[in-house]
file protein.txt (compact mmCIF, C-alpha atoms)
# COMPACT_ATOMS: atom_id res chain seq x y z
CA MET A 1 -77.94 -132.29 -54.16
CA THR A 2 -80.02 -135.43 -54.52
CA GLU A 3 -83.73 -135.33 -55.22
CA GLU A 4 -84.37 -136.87 -51.79
CA ALA A 5 -82.44 -134.11 -50.05
CA LYS A 6 -84.39 -131.44 -51.92
CA THR A 7 -87.73 -132.74 -50.69
CA THR A 8 -86.71 -133.04 -47.04
CA GLU A 9 -85.27 -129.54 -46.64
CA PRO A 10 -87.56 -127.10 -44.81
CA GLN A 11 -89.33 -124.58 -46.99
CA THR A 12 -88.31 -120.96 -46.47
CA HIS A 13 -91.95 -119.83 -46.90
CA PRO A 14 -94.26 -122.58 -45.61
CA ALA A 15 -97.80 -122.48 -46.91
CA VAL A 16 -99.51 -122.32 -43.52
CA SER A 17 -103.12 -121.22 -43.29
CA VAL A 18 -104.48 -119.77 -40.06
CA VAL A 19 -108.19 -118.95 -39.80
CA GLY A 20 -109.15 -117.09 -36.66
CA PRO A 21 -112.48 -117.21 -34.81
CA GLY A 22 -114.01 -114.35 -36.81
CA ASP A 23 -112.40 -115.29 -40.12
CA GLY A 24 -113.43 -117.51 -43.00
CA GLU A 25 -116.09 -117.22 -45.66
CA THR A 26 -119.61 -117.04 -44.24
CA ILE A 27 -122.47 -118.68 -46.12
CA VAL A 28 -125.99 -118.26 -44.73
CA LEU A 29 -128.53 -120.75 -46.04
CA GLY A 30 -131.87 -120.10 -44.43
CA THR A 31 -131.53 -121.14 -40.78
CA THR A 32 -128.02 -122.57 -41.24
CA ARG A 33 -124.87 -120.48 -40.98
CA MET A 34 -121.75 -122.02 -42.47
CA ARG A 35 -118.21 -120.71 -42.08
CA VAL A 36 -115.77 -122.11 -44.63
CA LEU A 37 -112.48 -122.57 -42.78
CA GLU A 38 -110.61 -124.19 -45.68
CA ASP A 39 -111.93 -124.23 -49.22
CA GLY A 40 -109.17 -126.43 -50.59
CA SER A 41 -106.94 -123.61 -51.78
CA HIS A 42 -104.34 -124.41 -49.08
CA THR A 43 -104.56 -128.21 -49.34
CA GLY A 44 -104.01 -128.81 -53.03
CA HIS A 45 -107.80 -129.25 -53.20
CA ARG A 46 -107.58 -132.51 -51.24
CA LEU A 47 -109.62 -131.27 -48.27
CA ALA A 48 -112.15 -128.58 -47.37
CA ILE A 49 -113.46 -127.84 -43.86
CA ALA A 50 -116.52 -125.89 -42.74
CA GLU A 51 -118.20 -125.11 -39.45
CA SER A 52 -122.00 -125.08 -39.54
CA VAL A 53 -124.48 -123.80 -37.00
CA LEU A 54 -127.91 -125.37 -37.43
CA ALA A 55 -130.74 -123.48 -35.75
CA PRO A 56 -133.31 -125.50 -33.79
CA HIS A 57 -135.68 -127.50 -36.00
CA THR A 58 -133.54 -127.07 -39.13
CA GLN A 59 -134.18 -129.61 -41.86
CA GLY A 60 -131.20 -130.63 -43.94
CA PRO A 61 -130.95 -131.41 -47.62
CA PRO A 62 -132.92 -134.19 -49.31
CA GLN A 63 -131.35 -137.58 -48.71
CA HIS A 64 -128.52 -137.85 -51.23
CA ARG A 65 -125.33 -139.69 -52.16
CA HIS A 66 -122.00 -138.33 -53.33
CA ALA A 67 -120.15 -140.12 -56.12
CA ARG A 68 -116.76 -138.44 -55.77
CA HIS A 69 -116.12 -137.33 -52.22
CA ASP A 70 -116.17 -138.40 -48.61
CA GLU A 71 -117.99 -136.21 -46.14
CA GLY A 72 -117.23 -136.08 -42.43
CA PHE A 73 -119.19 -134.46 -39.62
CA TYR A 74 -117.81 -133.83 -36.13
CA ILE A 75 -120.45 -132.59 -33.70
CA LEU A 76 -119.12 -129.75 -31.55
CA SER A 77 -122.33 -129.00 -29.63
CA GLY A 78 -125.97 -129.95 -29.64
CA THR A 79 -127.44 -132.96 -31.40
CA VAL A 80 -127.65 -133.63 -35.13
CA ARG A 81 -129.87 -136.40 -36.47
CA PHE A 82 -128.29 -138.27 -39.37
CA THR A 83 -130.51 -140.42 -41.54
CA VAL A 84 -128.63 -143.10 -43.44
CA ARG A 85 -130.97 -144.99 -45.71
CA ASN A 86 -133.86 -145.73 -43.31
CA ASP A 87 -131.88 -145.55 -40.07
CA ASP A 88 -131.66 -142.52 -37.78
CA TYR A 89 -128.63 -141.76 -35.62
CA ASP A 90 -128.65 -138.92 -33.08
CA ALA A 91 -125.08 -137.64 -32.93
CA THR A 92 -124.19 -135.60 -29.85
CA ALA A 93 -121.13 -133.47 -29.07
CA GLY A 94 -117.93 -135.44 -29.56
CA THR A 95 -119.40 -137.75 -32.22
CA LEU A 96 -117.76 -138.19 -35.63
CA VAL A 97 -119.87 -139.36 -38.57
CA MET A 98 -118.01 -140.33 -41.77
CA VAL A 99 -120.01 -140.80 -44.96
CA PRO A 100 -118.18 -142.56 -47.81
CA PRO A 101 -119.10 -142.04 -51.47
CA GLY A 102 -122.30 -143.79 -52.52
CA THR A 103 -123.92 -143.82 -49.07
CA PRO A 104 -127.43 -142.30 -48.91
CA HIS A 105 -127.63 -139.74 -46.10
CA THR A 106 -129.05 -136.49 -44.79
CA PHE A 107 -129.02 -134.64 -41.49
CA ALA A 108 -131.19 -132.27 -39.47
CA ASN A 109 -131.39 -130.55 -36.11
CA VAL A 110 -134.68 -131.79 -34.69
CA THR A 111 -134.06 -130.37 -31.21
CA ASP A 112 -134.93 -127.09 -29.48
CA GLN A 113 -131.25 -126.11 -29.20
CA PRO A 114 -128.74 -124.97 -31.88
CA ALA A 115 -126.24 -127.56 -33.07
CA VAL A 116 -122.70 -126.88 -34.29
CA MET A 117 -120.73 -129.28 -36.46
CA LEU A 118 -117.44 -129.31 -38.30
CA SER A 119 -117.66 -130.82 -41.79
CA THR A 120 -114.91 -132.15 -44.02
CA PHE A 121 -115.07 -132.71 -47.77
CA THR A 122 -112.41 -134.82 -49.47
CA PRO A 123 -111.71 -133.68 -52.07
CA ASP A 124 -112.81 -130.07 -51.70
CA PHE A 125 -115.04 -129.40 -54.71
CA TYR A 126 -118.36 -129.74 -52.81
CA VAL A 127 -117.79 -126.37 -51.10
CA GLN A 128 -118.86 -124.76 -54.36
CA TYR A 129 -122.31 -126.36 -53.96
CA PHE A 130 -122.86 -124.24 -50.84
CA ARG A 131 -121.67 -121.14 -52.68
CA ASP A 132 -124.20 -121.90 -55.42
CA LEU A 133 -126.98 -122.14 -52.82
CA LYS A 134 -125.84 -118.85 -51.26
CA GLU A 135 -126.11 -117.22 -54.68
CA ALA A 136 -129.64 -118.57 -55.11
CA PHE A 137 -130.64 -117.12 -51.72
CA ALA A 138 -129.01 -113.78 -52.61
CA ASP A 139 -130.95 -113.66 -55.88
CA ARG A 140 -134.12 -114.44 -53.88
CA ARG A 141 -134.73 -117.53 -55.97
CA PRO A 142 -136.81 -120.10 -54.10
CA LEU A 143 -134.73 -123.02 -52.91
CA THR A 144 -137.12 -125.74 -53.94
CA ARG A 145 -136.27 -129.41 -53.64
CA GLN A 146 -135.73 -129.48 -57.43
CA ALA A 147 -133.40 -126.44 -57.36
CA ASN A 148 -131.40 -128.08 -54.58
CA ILE A 149 -131.14 -131.35 -56.54
CA GLU A 150 -130.01 -129.47 -59.65
CA ALA A 151 -127.28 -127.71 -57.65
CA MET A 152 -126.15 -131.04 -56.13
CA SER A 153 -125.94 -132.66 -59.57
CA ARG A 154 -123.22 -130.21 -60.61
CA TYR A 155 -120.99 -131.77 -57.94
CA ALA A 156 -121.41 -135.51 -58.55
CA THR A 157 -124.26 -135.78 -56.06
CA GLU A 158 -127.74 -137.18 -56.62
CA PRO A 159 -130.88 -137.69 -54.57
CA ALA A 160 -131.12 -141.05 -52.90
CA THR A 161 -134.55 -142.59 -52.99
CA ASP A 162 -133.55 -146.19 -53.68
CA PHE A 163 -131.51 -147.76 -50.92
CA ASP A 164 -129.44 -150.52 -52.43

call {"tool": "encode", "arguments": {"input": "protein.txt", "output": "structure tokens"}}
result
Amino acid sequence: MTEEAKTTEPQTHPAVSVVGPGDGETIVLGTTRMRVLEDGSHTGHRLAIAESVLAPHTQGPPQHRHARHDEGFYILSGTVRFTVRNDDYDATAGTLVMVPPGTPHTFANVTDQPAVMLSTFTPDFYVQYFRDLKEAFADRRPLTRQANIEAMSRYATEPATDFD
């Protein structure tokens, strides 16, 4: 059998992941509830996906930039305000926001209604940042701006205060 034939034959045990409506890893961070749908373990660590519910008037993280991953946000319901450098964008249901590495950004729900978004992380390693924050909340450590920045720094992410 040729190498080409080996790679095109169907697998007898495909690695399919199915996450139902009540499944996934739940991470509660203050007024935000995140459900990790794919943590990278089924994608060769190329992609992670999470659903987040932001309560009304939820502030997001400090404006920051990622050095090693793209981040995508698809708004399922409500409105999420994205701040990119000094510009604000109100993303409503059906809007996709893609943030490439190096781009300063943050997000918040500034409305009176909950907002739900689907986030992608390519590659997947940034999911661990949210797990670290969950651990801090569980240990009742205060999530100060500095503690958040320190957690981000472990995943090639830094605060963005200079907008080049």

call {"tool": "closest_residue", "arguments": {"input": "protein.txt", "among": "A:Leu37, A:Thr161, A:Thr31, A:Pro142", "to": "Ser17 in chain A", "atoms": "only C-alpha atoms"}}
result
A:Leu37

call {"tool": "atom_distance", "arguments": {"input": "protein.txt", "atom1": "CA of Tyr89 in chain A", "atom2": "CA of Phe107 in chain A"}}
result
9.2 Å

call {"tool": "closest_residue", "arguments": {"input": "protein.txt", "among": "A:Val97, A:Thr106, A:Pro159, A:His69", "to": "Thr83 in chain A", "atoms": "all atoms listed in the file"}}
result
A:Thr106

call {"tool": "closest_residue", "arguments": {"input": "protein.txt", "among": "A:Met117, A:Val84, A:Ala15, A:Ala67", "to": "Arg35 in chain A", "atoms": "all atoms listed in the file"}}
result
A:Met117

call {"tool": "atom_distance", "arguments": {"input": "protein.txt", "atom1": "CA of Arg131 in chain A", "atom2": "CA of Thr26 in chain A"}}
result
9.6 Å

call {"tool": "residues_around", "arguments": {"input": "protein.txt", "residues": "Thr92 in chain A", "least_positions_apart": "5", "cutoff": "12 Å", "atoms": "only C-alpha atoms", "output": "list in words"}}
result
Phe73, Tyr74, Ile75, Leu76, Ser77, Gly78, Thr79, Val80, Arg81, Phe82, Val97, Asn109, Thr111, Gln113, Pro114, Ala115, Val116 and Met117 of chain A

call {"tool": "closest_residue", "arguments": {"input": "protein.txt", "among": "A:Val53, A:Ala93, A:Ala151, A:Met98", "to": "Gly30 in chain A", "atoms": "all atoms listed in the file"}}
result
A:Val53

call {"tool": "closest_residue", "arguments": {"input": "protein.txt", "among": "A:Pro123, A:Leu118, A:Asp139, A:Ala108", "to": "Pro61 in chain A", "atoms": "all atoms listed in the file"}}
result
A:Ala108

call {"tool": "atom_distance", "arguments": {"input": "protein.txt", "atom1": "CA of Thr120 in chain A", "atom2": "CA of Glu38 in chain A"}}
result
9.2 Å

call {"tool": "residues_around", "arguments": {"input": "protein.txt", "residues": "Glu71 in chain A", "least_positions_apart": "6", "cutoff": "7 Å", "atoms": "only C-alpha atoms", "output": "ChimeraX atom specification"}}
result
/A:98-100,119-122

call {"tool": "closest_residue", "arguments": {"input": "protein.txt", "among": "A:Arg46, A:His66, A:His57, A:Arg33", "to": "His105 in chain A", "atoms": "all atoms listed in the file"}}
result
A:His66
